[in-house]
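work28.pdb (PDB, C-alpha atoms) appears below.
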MODEL        1
ATOM      1  CA  MET A  30     -21.710  14.432  58.765
ATOM      2  CA  THR A  31     -19.902  15.763  55.662
ATOM      3  CA  ARG A  32     -22.040  16.170  52.565
ATOM      4  CA  PRO A  33     -20.507  14.969  49.260
ATOM      5  CA  PHE A  34     -20.980  18.406  47.680
ATOM      6  CA  SER A  35     -21.185  21.483  49.864
ATOM      7  CA  SER A  36     -23.137  23.519  47.285
ATOM      8  CA  PRO A  37     -25.128  23.198  44.062
ATOM      9  CA  ARG A  38     -22.352  25.209  42.384
ATOM     10  CA  MET A  39     -19.750  22.595  43.347
ATOM     11  CA  LEU A  40     -22.010  19.784  42.125
ATOM     12  CA  LYS A  41     -22.508  21.588  38.822
ATOM     13  CA  ALA A  42     -18.751  22.057  38.429
ATOM     14  CA  VAL A  43     -18.078  18.371  39.086
ATOM     15  CA  LEU A  44     -20.753  17.278  36.627
ATOM     16  CA  LEU A  45     -19.401  19.644  33.977
ATOM     17  CA  SER A  46     -15.866  18.390  34.532
ATOM     18  CA  THR A  47     -17.047  14.792  34.241
ATOM     19  CA  ALA A  48     -18.994  15.535  31.072
ATOM     20  CA  LEU A  49     -15.986  17.193  29.479
ATOM     21  CA  ALA A  50     -13.778  14.265  30.447
ATOM     22  CA  LEU A  51     -16.225  11.765  28.974
ATOM     23  CA  SER A  52     -16.558  13.899  25.850
ATOM     24  CA  GLY A  53     -12.797  13.949  25.455
ATOM     25  CA  LEU A  54     -12.650  10.188  25.954
ATOM     26  CA  THR A  55     -15.330   9.667  23.320
ATOM     27  CA  GLN A  56     -13.509  11.902  20.863
ATOM     28  CA  ALA A  57     -10.261  10.092  21.549
ATOM     29  CA  GLN A  58     -11.926   6.778  20.783
ATOM     30  CA  VAL A  59     -13.499   7.928  17.522
ATOM     31  CA  VAL A  60     -10.349   8.063  15.403
ATOM     32  CA  PHE A  61     -10.320   6.244  12.091
ATOM     33  CA  LYS A  62      -6.803   4.925  11.539
ATOM     34  CA  ILE A  63      -5.360   4.024   8.173
ATOM     35  CA  THR A  64      -1.983   2.672   7.137
ATOM     36  CA  ALA A  65      -0.168   1.633   3.977
ATOM     37  CA  ILE A  66       2.577  -0.750   2.994
ATOM     38  CA  PRO A  67       5.842   1.256   2.950
ATOM     39  CA  ASP A  68       6.551   0.756  -0.743
ATOM     40  CA  GLU A  69       7.979   4.270  -1.063
ATOM     41  CA  SER A  70       9.894   6.644   1.186
ATOM     42  CA  PRO A  71       8.162   7.788   4.408
ATOM     43  CA  THR A  72       8.021  11.399   3.190
ATOM     44  CA  GLU A  73       6.344  10.373  -0.074
ATOM     45  CA  LEU A  74       3.809   8.193   1.743
ATOM     46  CA  ALA A  75       2.942  11.053   4.106
ATOM     47  CA  ARG A  76       2.602  13.473   1.179
ATOM     48  CA  LYS A  77       0.253  11.090  -0.639
ATOM     49  CA  ALA A  78      -1.829  10.431   2.491
ATOM     50  CA  ALA A  79      -2.439  14.021   3.649
ATOM     51  CA  PRO A  80      -5.175  15.069   1.161
ATOM     52  CA  LEU A  81      -6.846  11.657   1.408
ATOM     53  CA  VAL A  82      -6.967  11.927   5.204
ATOM     54  CA  LYS A  83      -8.583  15.363   4.933
ATOM     55  CA  TYR A  84     -11.116  14.089   2.383
ATOM     56  CA  LEU A  85     -12.060  11.039   4.460
ATOM     57  CA  GLU A  86     -12.513  13.184   7.567
ATOM     58  CA  GLN A  87     -15.141  15.198   5.680
ATOM     59  CA  LYS A  88     -16.891  12.116   4.339
ATOM     60  CA  LEU A  89     -16.820  10.067   7.553
ATOM     61  CA  GLY A  90     -17.405  12.943   9.951
ATOM     62  CA  THR A  91     -14.639  11.778  12.247
ATOM     63  CA  LYS A  92     -10.934  12.295  12.791
ATOM     64  CA  VAL A  93      -8.732  10.261  10.459
ATOM     65  CA  GLU A  94      -5.081   9.473  11.138
ATOM     66  CA  PHE A  95      -2.439   8.015   8.859
ATOM     67  CA  THR A  96      -0.291   5.609  10.885
ATOM     68  CA  PRO A  97       2.981   4.650   9.144
ATOM     69  CA  VAL A  98       4.470   1.203   9.691
ATOM     70  CA  SER A  99       8.050  -0.020   9.537
ATOM     71  CA  ASP A 100       7.621  -2.776   6.960
ATOM     72  CA  TYR A 101       5.125  -4.845   4.970
ATOM     73  CA  ALA A 102       4.696  -7.430   7.719
ATOM     74  CA  ALA A 103       3.740  -4.689  10.177
ATOM     75  CA  ALA A 104       1.021  -3.485   7.792
ATOM     76  CA  VAL A 105      -0.396  -7.013   7.694
ATOM     77  CA  GLU A 106      -0.333  -7.361  11.481
ATOM     78  CA  ALA A 107      -1.841  -3.904  12.057
ATOM     79  CA  LEU A 108      -5.091  -4.740  10.268
ATOM     80  CA  ALA A 109      -5.248  -8.400  11.315
ATOM     81  CA  ASN A 110      -5.023  -7.261  14.950
ATOM     82  CA  LYS A 111      -7.391  -4.311  14.366
ATOM     83  CA  GLN A 112      -4.776  -1.729  15.347
ATOM     84  CA  VAL A 113      -5.886   0.197  12.259
ATOM     85  CA  ASP A 114      -9.254   0.399  10.532
ATOM     86  CA  MET A 115      -8.103   0.318   6.922
ATOM     87  CA  ALA A 116      -4.902  -0.527   5.052
ATOM     88  CA  TRP A 117      -3.505   0.076   1.579
ATOM     89  CA  TYR A 118      -2.167  -3.267   0.434
ATOM     90  CA  GLY A 119      -0.549  -4.712  -2.636
ATOM     91  CA  GLY A 120      -2.148  -7.891  -3.950
ATOM     92  CA  PHE A 121       0.343 -10.104  -2.116
ATOM     93  CA  THR A 122       0.051  -8.286   1.215
ATOM     94  CA  PHE A 123      -3.727  -8.561   0.910
ATOM     95  CA  VAL A 124      -3.357 -12.323   0.459
ATOM     96  CA  GLN A 125      -1.013 -12.456   3.468
ATOM     97  CA  ALA A 126      -3.457 -10.421   5.571
ATOM     98  CA  ARG A 127      -6.338 -12.678   4.567
ATOM     99  CA  ILE A 128      -4.376 -15.767   5.598
ATOM    100  CA  ARG A 129      -3.045 -14.146   8.789
ATOM    101  CA  SER A 130      -6.531 -13.027   9.874
ATOM    102  CA  GLY A 131      -8.217 -16.320   9.049
ATOM    103  CA  GLY A 132     -10.114 -14.787   6.161
ATOM    104  CA  LYS A 133     -11.324 -11.797   8.159
ATOM    105  CA  VAL A 134     -10.253  -8.967   5.870
ATOM    106  CA  VAL A 135     -12.277  -7.491   3.012
ATOM    107  CA  PRO A 136     -10.930  -5.500   0.040
ATOM    108  CA  LEU A 137     -13.214  -2.554  -0.728
ATOM    109  CA  VAL A 138     -11.809  -0.615  -3.663
ATOM    110  CA  GLN A 139      -8.869  -0.498  -6.020
ATOM    111  CA  ARG A 140      -7.673   2.022  -8.549
ATOM    112  CA  GLU A 141      -8.873   1.400 -12.082
ATOM    113  CA  GLU A 142      -5.195   0.921 -12.933
ATOM    114  CA  ASP A 143      -4.954  -1.995 -10.494
ATOM    115  CA  GLU A 144      -7.134  -4.203 -12.703
ATOM    116  CA  LYS A 145      -4.240  -4.432 -15.157
ATOM    117  CA  PHE A 146      -1.151  -3.551 -13.172
ATOM    118  CA  ARG A 147       2.374  -4.318 -14.347
ATOM    119  CA  SER A 148       5.960  -4.440 -13.164
ATOM    120  CA  VAL A 149       9.057  -3.406 -15.080
ATOM    121  CA  PHE A 150      12.624  -4.660 -15.077
ATOM    122  CA  ILE A 151      15.130  -1.845 -15.501
ATOM    123  CA  SER A 152      18.889  -1.775 -16.044
ATOM    124  CA  GLY A 153      21.723   0.681 -16.539
ATOM    125  CA  ASP A 154      23.927  -1.935 -18.197
ATOM    126  CA  PRO A 155      23.800  -1.616 -22.036
ATOM    127  CA  ALA A 156      24.594  -5.338 -22.322
ATOM    128  CA  ILE A 157      21.378  -6.296 -20.505
ATOM    129  CA  LYS A 158      18.512  -6.257 -22.991
ATOM    130  CA  THR A 159      16.394  -9.297 -22.086
ATOM    131  CA  LEU A 160      15.512 -11.348 -19.011
ATOM    132  CA  ALA A 161      17.979 -14.013 -20.152
ATOM    133  CA  ASP A 162      20.756 -11.417 -19.921
ATOM    134  CA  LEU A 163      20.136 -11.150 -16.166
ATOM    135  CA  GLN A 164      21.725 -14.539 -15.512
ATOM    136  CA  GLY A 165      24.935 -14.155 -13.524
ATOM    137  CA  LYS A 166      24.045 -10.546 -12.631
ATOM    138  CA  THR A 167      23.125  -8.745  -9.431
ATOM    139  CA  VAL A 168      19.384  -8.034  -9.445
ATOM    140  CA  GLY A 169      17.388  -5.906  -7.022
ATOM    141  CA  PHE A 170      13.809  -6.303  -5.855
ATOM    142  CA  GLY A 171      11.770  -4.140  -3.455
ATOM    143  CA  SER A 172      10.366  -5.746  -0.318
ATOM    144  CA  GLN A 173      10.141  -9.533  -0.218
ATOM    145  CA  SER A 174       6.393  -9.097   0.390
ATOM    146  CA  SER A 175       5.916  -6.689  -2.519
ATOM    147  CA  THR A 176       3.581  -7.823  -5.286
ATOM    148  CA  SER A 177       4.936  -5.573  -8.021
ATOM    149  CA  GLY A 178       8.468  -5.296  -6.664
ATOM    150  CA  HIS A 179       9.129  -8.980  -6.041
ATOM    151  CA  LEU A 180       6.371 -11.614  -6.338
ATOM    152  CA  MET A 181       5.193 -10.986  -9.901
ATOM    153  CA  PRO A 182       8.679 -10.266 -11.293
ATOM    154  CA  ARG A 183       9.916 -13.481  -9.637
ATOM    155  CA  SER A 184       6.938 -15.363 -11.064
ATOM    156  CA  VAL A 185       7.755 -14.115 -14.562
ATOM    157  CA  LEU A 186      11.398 -15.138 -14.155
ATOM    158  CA  LEU A 187      10.432 -18.630 -13.004
ATOM    159  CA  GLN A 188       8.101 -19.006 -15.984
ATOM    160  CA  ALA A 189      11.086 -18.086 -18.186
ATOM    161  CA  LYS A 190      13.076 -20.901 -16.495
ATOM    162  CA  ILE A 191      15.242 -18.398 -14.593
ATOM    163  CA  ASP A 192      15.592 -19.063 -10.870
ATOM    164  CA  PRO A 193      16.730 -15.864  -9.114
ATOM    165  CA  ASP A 194      18.210 -17.809  -6.194
ATOM    166  CA  LYS A 195      20.331 -19.988  -8.487
ATOM    167  CA  ASP A 196      20.883 -18.016 -11.678
ATOM    168  CA  PHE A 197      21.679 -14.542 -10.332
ATOM    169  CA  ARG A 198      25.034 -13.690  -8.833
ATOM    170  CA  ARG A 199      23.211 -11.957  -6.007
ATOM    171  CA  VAL A 200      19.652 -10.960  -5.113
ATOM    172  CA  ALA A 201      19.227  -7.671  -3.235
ATOM    173  CA  TYR A 202      16.128  -6.299  -1.519
ATOM    174  CA  SER A 203      15.893  -2.509  -1.402
ATOM    175  CA  GLY A 204      12.645  -2.399   0.592
ATOM    176  CA  ALA A 205      10.885   0.112  -1.694
ATOM    177  CA  HIS A 206      10.369   0.889  -5.373
ATOM    178  CA  ASP A 207      12.113   4.271  -5.346
ATOM    179  CA  ALA A 208      15.080   2.684  -3.561
ATOM    180  CA  THR A 209      15.282   0.053  -6.329
ATOM    181  CA  ILE A 210      15.538   2.792  -8.962
ATOM    182  CA  ALA A 211      18.291   4.476  -6.946
ATOM    183  CA  ALA A 212      20.197   1.192  -6.615
ATOM    184  CA  VAL A 213      20.093   0.588 -10.374
ATOM    185  CA  ALA A 214      20.941   4.191 -11.256
ATOM    186  CA  SER A 215      23.954   4.186  -8.907
ATOM    187  CA  GLY A 216      25.221   0.831 -10.168
ATOM    188  CA  LYS A 217      24.746  -0.959  -6.848
ATOM    189  CA  VAL A 218      22.827  -3.608  -8.771
ATOM    190  CA  ASP A 219      22.921  -4.493 -12.453
ATOM    191  CA  ALA A 220      19.144  -4.495 -12.790
ATOM    192  CA  GLY A 221      15.996  -4.186 -10.724
ATOM    193  CA  ALA A 222      12.261  -4.906 -10.758
ATOM    194  CA  LEU A 223       9.606  -2.506  -9.569
ATOM    195  CA  ASN A 224       6.107  -1.084  -9.785
ATOM    196  CA  ILE A 225       5.444   0.477 -13.210
ATOM    197  CA  SER A 226       3.524   3.363 -11.632
ATOM    198  CA  VAL A 227       6.513   4.500  -9.562
ATOM    199  CA  TRP A 228       8.814   4.122 -12.576
ATOM    200  CA  GLU A 229       6.526   6.266 -14.759
ATOM    201  CA  LYS A 230       6.292   8.876 -12.000
ATOM    202  CA  PHE A 231      10.094   9.076 -11.755
ATOM    203  CA  VAL A 232      10.355   9.422 -15.534
ATOM    204  CA  ALA A 233       7.670  12.136 -15.662
ATOM    205  CA  ASP A 234       9.365  14.063 -12.843
ATOM    206  CA  LYS A 235      12.774  13.631 -14.533
ATOM    207  CA  LYS A 236      14.161  11.958 -11.414
ATOM    208  CA  VAL A 237      15.868   9.270 -13.465
ATOM    209  CA  ASP A 238      18.071   9.592 -16.567
ATOM    210  CA  THR A 239      16.345   7.385 -19.146
ATOM    211  CA  ALA A 240      19.388   7.694 -21.407
ATOM    212  CA  LYS A 241      21.230   5.593 -18.843
ATOM    213  CA  VAL A 242      18.536   3.516 -17.143
ATOM    214  CA  LYS A 243      16.043   1.750 -19.395
ATOM    215  CA  VAL A 244      13.138  -0.687 -19.156
ATOM    216  CA  ILE A 245      14.207  -4.088 -20.497
ATOM    217  CA  PHE A 246      10.987  -6.002 -19.790
ATOM    218  CA  THR A 247       7.378  -5.297 -18.779
ATOM    219  CA  THR A 248       5.365  -8.078 -17.139
ATOM    220  CA  PRO A 249       1.903  -9.240 -18.202
ATOM    221  CA  ALA A 250      -0.968  -7.571 -16.340
ATOM    222  CA  TYR A 251      -2.272  -8.684 -12.938
ATOM    223  CA  PHE A 252      -4.531  -7.397 -10.136
ATOM    224  CA  ASP A 253      -2.677  -5.386  -7.532
ATOM    225  CA  TYR A 254      -3.272  -2.700  -4.889
ATOM    226  CA  ASN A 255      -6.448  -2.190  -2.859
ATOM    227  CA  TRP A 256      -7.869  -0.564   0.253
ATOM    228  CA  THR A 257      -8.815  -3.294   2.733
ATOM    229  CA  VAL A 258     -10.744  -3.327   6.029
ATOM    230  CA  HIS A 259     -11.370  -5.905   8.746
ATOM    231  CA  SER A 260     -14.578  -7.892   8.281
ATOM    232  CA  ASP A 261     -15.664  -6.919  11.805
ATOM    233  CA  MET A 262     -16.281  -3.398  10.505
ATOM    234  CA  PRO A 263     -20.059  -2.811  10.272
ATOM    235  CA  VAL A 264     -21.453  -3.113   6.760
ATOM    236  CA  ALA A 265     -22.819   0.437   6.885
ATOM    237  CA  GLN A 266     -19.328   1.774   7.615
ATOM    238  CA  ARG A 267     -17.862  -0.260   4.754
ATOM    239  CA  GLU A 268     -20.490   1.093   2.379
ATOM    240  CA  LYS A 269     -19.794   4.650   3.512
ATOM    241  CA  LEU A 270     -16.071   4.201   2.917
ATOM    242  CA  THR A 271     -16.595   2.600  -0.480
ATOM    243  CA  LYS A 272     -18.862   5.433  -1.567
ATOM    244  CA  ALA A 273     -16.298   7.998  -0.434
ATOM    245  CA  PHE A 274     -13.679   6.469  -2.736
ATOM    246  CA  LEU A 275     -16.077   5.967  -5.643
ATOM    247  CA  ASP A 276     -17.208   9.588  -5.358
ATOM    248  CA  LEU A 277     -13.685  10.918  -5.951
ATOM    249  CA  ASN A 278     -13.821  12.835  -9.193
ATOM    250  CA  ARG A 279     -11.241  14.762 -11.184
ATOM    251  CA  SER A 280     -13.786  17.481 -11.916
ATOM    252  CA  THR A 281     -13.290  18.858  -8.391
ATOM    253  CA  PRO A 282      -9.986  20.334  -7.114
ATOM    254  CA  GLU A 283     -10.197  18.093  -4.060
ATOM    255  CA  GLY A 284     -10.828  14.948  -6.083
ATOM    256  CA  LYS A 285      -8.105  15.765  -8.587
ATOM    257  CA  GLU A 286      -5.528  16.289  -5.833
ATOM    258  CA  VAL A 287      -6.320  12.989  -4.123
ATOM    259  CA  LEU A 288      -6.468  10.988  -7.356
ATOM    260  CA  ASP A 289      -3.264  12.529  -8.718
ATOM    261  CA  LEU A 290      -1.335  11.673  -5.559
ATOM    262  CA  GLN A 291      -2.808   8.175  -5.505
ATOM    263  CA  ARG A 292      -1.844   7.858  -9.199
ATOM    264  CA  ALA A 293      -5.401   6.871  -9.977
ATOM    265  CA  THR A 294      -7.807   7.631 -12.800
ATOM    266  CA  ARG A 295     -10.597   6.673 -10.417
ATOM    267  CA  PHE A 296     -11.434   4.074  -7.775
ATOM    268  CA  ILE A 297     -13.630   1.068  -8.513
ATOM    269  CA  PRO A 298     -15.045  -1.744  -6.327
ATOM    270  CA  THR A 299     -12.985  -4.912  -5.918
ATOM    271  CA  GLN A 300     -13.349  -8.329  -4.301
ATOM    272  CA  ALA A 301     -11.184 -11.036  -2.756
ATOM    273  CA  SER A 302     -11.539 -13.393  -5.728
ATOM    274  CA  ASN A 303      -9.607 -10.915  -7.894
ATOM    275  CA  TYR A 304      -6.467 -11.837  -5.963
ATOM    276  CA  GLN A 305      -6.651 -15.606  -6.349
ATOM    277  CA  GLY A 306      -4.088 -15.381  -9.142
ATOM    278  CA  ILE A 307      -1.701 -13.574  -6.800
ATOM    279  CA  GLU A 308      -2.068 -16.323  -4.185
ATOM    280  CA  THR A 309      -1.456 -18.993  -6.821
ATOM    281  CA  ALA A 310       1.676 -17.184  -8.000
ATOM    282  CA  ALA A 311       2.920 -16.826  -4.423
ATOM    283  CA  ARG A 312       2.475 -20.521  -3.711
ATOM    284  CA  SER A 313       4.165 -21.472  -6.989
ATOM    285  CA  ALA A 314       7.104 -19.203  -6.146
ATOM    286  CA  GLY A 315       7.386 -20.747  -2.669
ATOM    287  CA  LEU A 316       6.544 -17.465  -0.936
ATOM    288  CA  ILE A 317       3.483 -19.001   0.752
ATOM    289  CA  LYS A 318       3.783 -22.497   2.161
TER     290      LYS A 318
ENDMDL
END

Can you present the structure in this file as structure tokens?
Amino acid sequence: MTRPFSSPRMLKAVLLSTALALSGLTQAQVVFKITAIPDESPTELARKAAPLVKYLEQKLGTKVEFTPVSDYAAAVEALANKQVDMAWYGGFTFVQARIRSGGKVVPLVQREEDEKFRSVFISGDPAIKTLADLQGKTVGFGSQSSTSGHLMPRSVLLQAKIDPDKDFRRVAYSGAHDATIAAVASGKVDAGALNISVWEKFVADKKVDTAKVKVIFTTPAYFDYNWTVHSDMPVAQREKLTKAFLDLNRSTPEGKEVLDLQRATRFIPTQASNYQGIETAARSAGLIK
């Protein structure tokens, strides 16, 4: 009769091989995946994510991966279906994710700036100086699911009795804030609406000629971006993540790098109720049925 293992050495080798395989499987399973709405170019998103990924790996003690998605809807689906562990959402995408998941997503933190976020309308046409001047013009937004690049600018227009779908010659969707700036600067559209943070970054980096392209209107403040997780995540893990963000400090080189790239003074706790105004605006604008 043949013995399963002909020698203790062979048995030891098999056990070692099995242990290594199981170890590799365990390591492969313990990967913390994050994603973000693609509100800027893929290269810029990757650049912003890299130091944060490294920081979170140190704080969580596990491998962290940034997983890009093709569009805003994909970011919503990724967290709702638990394909990622955490997502960077705008206020509107958070609302969409909460509805899509049946209320099973939880916002953890936001930048201090996101308590009073704003959008800007910009134009390269000297004749356009107010929102009323946009009537009959071609106007660009970002993604249709963007809070700062579409929803809140549209809400402001509707409050001013301007219906983009009726009063503009054409509405264009660039897909991202930086693309909206490019469309306005090149004359593809007469004006555009976008995230004030991206606009200020472009101005600071001298990537836009402010002698030609100017801000014509700044919206009132609203709650915007946040880092959100699925409610199935254990509370202890949520608390660990929250602490990691709250601990980011400009006094350290590491903290300064992450905060600068995230365009944040610091991170603060947030909660779902902060985004009720966004949901109300979305329903009023007909973007949520």

Resolved residues for the PyMOL selection byres ((chain A and resi 63) around 12) as a PDB file with C-alpha atoms, in the frame of the given file:
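Written output follows (selection-v9.pdb):
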ATOM      1  CA  VAL A  60     -10.349   8.063  15.403  1.00  0.00           C
ATOM      2  CA  PHE A  61     -10.320   6.244  12.091  1.00  0.00           C
ATOM      3  CA  LYS A  62      -6.803   4.925  11.539  1.00  0.00           C
ATOM      4  CA  THR A  64      -1.983   2.672   7.137  1.00  0.00           C
ATOM      5  CA  ALA A  65      -0.168   1.633   3.977  1.00  0.00           C
ATOM      6  CA  ILE A  66       2.577  -0.750   2.994  1.00  0.00           C
ATOM      7  CA  LEU A  74       3.809   8.193   1.743  1.00  0.00           C
ATOM      8  CA  ALA A  75       2.942  11.053   4.106  1.00  0.00           C
ATOM      9  CA  ALA A  78      -1.829  10.431   2.491  1.00  0.00           C
ATOM     10  CA  ALA A  79      -2.439  14.021   3.649  1.00  0.00           C
ATOM     11  CA  LEU A  81      -6.846  11.657   1.408  1.00  0.00           C
ATOM     12  CA  VAL A  82      -6.967  11.927   5.204  1.00  0.00           C
ATOM     13  CA  LEU A  85     -12.060  11.039   4.460  1.00  0.00           C
ATOM     14  CA  GLU A  86     -12.513  13.184   7.567  1.00  0.00           C
ATOM     15  CA  LYS A  92     -10.934  12.295  12.791  1.00  0.00           C
ATOM     16  CA  VAL A  93      -8.732  10.261  10.459  1.00  0.00           C
ATOM     17  CA  GLU A  94      -5.081   9.473  11.138  1.00  0.00           C
ATOM     18  CA  PHE A  95      -2.439   8.015   8.859  1.00  0.00           C
ATOM     19  CA  THR A  96      -0.291   5.609  10.885  1.00  0.00           C
ATOM     20  CA  PRO A  97       2.981   4.650   9.144  1.00  0.00           C
ATOM     21  CA  VAL A  98       4.470   1.203   9.691  1.00  0.00           C
ATOM     22  CA  ALA A 104       1.021  -3.485   7.792  1.00  0.00           C
ATOM     23  CA  ALA A 107      -1.841  -3.904  12.057  1.00  0.00           C
ATOM     24  CA  LEU A 108      -5.091  -4.740  10.268  1.00  0.00           C
ATOM     25  CA  LYS A 111      -7.391  -4.311  14.366  1.00  0.00           C
ATOM     26  CA  GLN A 112      -4.776  -1.729  15.347  1.00  0.00           C
ATOM     27  CA  VAL A 113      -5.886   0.197  12.259  1.00  0.00           C
ATOM     28  CA  ASP A 114      -9.254   0.399  10.532  1.00  0.00           C
ATOM     29  CA  MET A 115      -8.103   0.318   6.922  1.00  0.00           C
ATOM     30  CA  ALA A 116      -4.902  -0.527   5.052  1.00  0.00           C
ATOM     31  CA  TRP A 117      -3.505   0.076   1.579  1.00  0.00           C
ATOM     32  CA  TYR A 118      -2.167  -3.267   0.434  1.00  0.00           C
ATOM     33  CA  TRP A 256      -7.869  -0.564   0.253  1.00  0.00           C
ATOM     34  CA  THR A 257      -8.815  -3.294   2.733  1.00  0.00           C
ATOM     35  CA  VAL A 258     -10.744  -3.327   6.029  1.00  0.00           C
ATOM     36  CA  HIS A 259     -11.370  -5.905   8.746  1.00  0.00           C
ATOM     37  CA  LEU A 270     -16.071   4.201   2.917  1.00  0.00           C
TER      38      LEU A 270
END

Point out the residue among A:Ile151, A:Ile225, A:Met181, A:Thr248 with the least atom-to-atom distance to A:Val213, counting only C-alpha atoms.
A:Ile151

Measuring atom to atom with only C-alpha atoms, identify which of A:Pro80, A:Gly90, A:Pro67, A:Pro136 is nearest to A:Gln291.
A:Pro80

I'd like the interatomic distance between atom CA of A:Ala102 and atom CA of A:Asp68, to a tenth of an Å.
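Between these atoms lies a distance of 11.9 Å.
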
If you count only C-alpha atoms, the residue of A:Lys83, A:Thr91, A:Ser302, A:Asn255 closest to A:Val59 turns out to be A:Thr91

On this file, the PyMOL selection byres ((chain A and resi 218) around 10) gives some set of residues; write that set as a list of chain:residue names.
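On the file shown, the PyMOL selection byres ((chain A and resi 218) around 10) covers A:Ser152, A:Gly153, A:Asp154, A:Lys166, A:Thr167, A:Val168, A:Gly169, A:Phe170, A:Arg199, A:Val200, A:Ala201, A:Thr209, A:Ile210, A:Ala211, A:Ala212, A:Val213, A:Ala214, A:Ser215, A:Gly216, A:Lys217, A:Asp219, A:Ala220, A:Gly221.
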
With only C-alpha atoms as the basis for distance, which of A:Asp238, A:Asp100, A:Asp196, A:Asp162 is at the shortest distance from A:Phe150?
A:Asp162

Which distance in Å separates atom CA of A:Lys77 and atom CA of A:Leu316, to one decimal?
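These atoms are spaced 29.2 Å apart.
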
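Note that the spacing between atom CA of A:Leu89 and atom CA of A:Phe296 amounts to 17.3 Å.
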
Could you tell me which residues the PyMOL selection byres ((chain A and resi 144) around 10) returns for this structure, as number ranges by chain?
A: 139-143, 145-147, 250-254, 297, 299, 303

Counting all atoms listed in the file, I want the residues whose atoms come within 12 Å of (-4.3, 12.5, -11.4) in the file frame, returned as an mmCIF file with C-alpha atoms, keeping the file's coordinate frame.
data_model
loop_
_atom_site.group_PDB
_atom_site.id
_atom_site.type_symbol
_atom_site.label_atom_id
_atom_site.label_comp_id
_atom_site.auth_asym_id
_atom_site.auth_seq_id
_atom_site.Cartn_x
_atom_site.Cartn_y
_atom_site.Cartn_z
ATOM 1 C CA LYS A 77 0.253 11.090 -0.639
ATOM 2 C CA ARG A 140 -7.673 2.022 -8.549
ATOM 3 C CA GLU A 142 -5.195 0.921 -12.933
ATOM 4 C CA LYS A 230 6.292 8.876 -12.000
ATOM 5 C CA LEU A 277 -13.685 10.918 -5.951
ATOM 6 C CA ASN A 278 -13.821 12.835 -9.193
ATOM 7 C CA ARG A 279 -11.241 14.762 -11.184
ATOM 8 C CA SER A 280 -13.786 17.481 -11.916
ATOM 9 C CA THR A 281 -13.290 18.858 -8.391
ATOM 10 C CA PRO A 282 -9.986 20.334 -7.114
ATOM 11 C CA GLU A 283 -10.197 18.093 -4.060
ATOM 12 C CA GLY A 284 -10.828 14.948 -6.083
ATOM 13 C CA LYS A 285 -8.105 15.765 -8.587
ATOM 14 C CA GLU A 286 -5.528 16.289 -5.833
ATOM 15 C CA VAL A 287 -6.320 12.989 -4.123
ATOM 16 C CA LEU A 288 -6.468 10.988 -7.356
ATOM 17 C CA ASP A 289 -3.264 12.529 -8.718
ATOM 18 C CA LEU A 290 -1.335 11.673 -5.559
ATOM 19 C CA GLN A 291 -2.808 8.175 -5.505
ATOM 20 C CA ARG A 292 -1.844 7.858 -9.199
ATOM 21 C CA ALA A 293 -5.401 6.871 -9.977
ATOM 22 C CA THR A 294 -7.807 7.631 -12.800
ATOM 23 C CA ARG A 295 -10.597 6.673 -10.417
ATOM 24 C CA PHE A 296 -11.434 4.074 -7.775
#

How would you write as number ranges by chain the residues that get within 12 Å of (1.9, -17.2, -7.2) in the file's frame, counting all atoms listed in the file?
A: 120-121, 124, 174, 176, 179-188, 251, 304-318

A:Phe246 surroundings by all atoms listed in the file, 9 Å radius, close-in-sequence under 4 positions cut, as a ChimeraX atom specification
/A:148-151,158-160

How big is the axis-aligned box, and where does its centre sit, when it encloses all atoms of stretch 266-280 of chain A listed in the file and has 3 Å added on every side, reported in Å to one decimal as lines of an AutoDock Vina configuration file?
center_x = -15.9
center_y = 8.6
center_z = -2.2
size_x = 15.2
size_y = 23.7
size_z = 25.5

Have stretch 91-99 of chain A completed to N, CA and C atoms, please, and pass it along as a PDB file, in the frame of the given file.
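Contents of selection-v6.pdb, freshly written:
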ATOM      1  N   THR A  91     -15.444  12.121  11.082  1.00  0.00           N
ATOM      2  CA  THR A  91     -14.639  11.778  12.247  1.00  0.00           C
ATOM      3  C   THR A  91     -13.175  12.034  11.940  1.00  0.00           C
ATOM      4  N   LYS A  92     -12.360  12.062  12.975  1.00  0.00           N
ATOM      5  CA  LYS A  92     -10.934  12.295  12.791  1.00  0.00           C
ATOM      6  C   LYS A  92     -10.308  11.070  12.125  1.00  0.00           C
ATOM      7  N   VAL A  93      -9.437  11.325  11.161  1.00  0.00           N
ATOM      8  CA  VAL A  93      -8.732  10.261  10.459  1.00  0.00           C
ATOM      9  C   VAL A  93      -7.237  10.467  10.639  1.00  0.00           C
ATOM     10  N   GLU A  94      -6.534   9.399  10.949  1.00  0.00           N
ATOM     11  CA  GLU A  94      -5.081   9.473  11.138  1.00  0.00           C
ATOM     12  C   GLU A  94      -4.381   8.472  10.234  1.00  0.00           C
ATOM     13  N   PHE A  95      -3.285   8.923   9.609  1.00  0.00           N
ATOM     14  CA  PHE A  95      -2.439   8.015   8.859  1.00  0.00           C
ATOM     15  C   PHE A  95      -1.341   7.528   9.793  1.00  0.00           C
ATOM     16  N   THR A  96      -1.263   6.213   9.977  1.00  0.00           N
ATOM     17  CA  THR A  96      -0.291   5.609  10.885  1.00  0.00           C
ATOM     18  C   THR A  96       0.747   4.837  10.074  1.00  0.00           C
ATOM     19  N   PRO A  97       1.968   5.372   9.912  1.00  0.00           N
ATOM     20  CA  PRO A  97       2.981   4.650   9.144  1.00  0.00           C
ATOM     21  C   PRO A  97       3.460   3.409   9.870  1.00  0.00           C
ATOM     22  N   VAL A  98       3.923   2.436   9.110  1.00  0.00           N
ATOM     23  CA  VAL A  98       4.470   1.203   9.691  1.00  0.00           C
ATOM     24  C   VAL A  98       5.882   0.988   9.160  1.00  0.00           C
ATOM     25  N   SER A  99       6.630   0.155   9.852  1.00  0.00           N
ATOM     26  CA  SER A  99       8.050  -0.020   9.537  1.00  0.00           C
ATOM     27  C   SER A  99       8.296  -0.891   8.311  1.00  0.00           C
TER      28      SER A  99
END
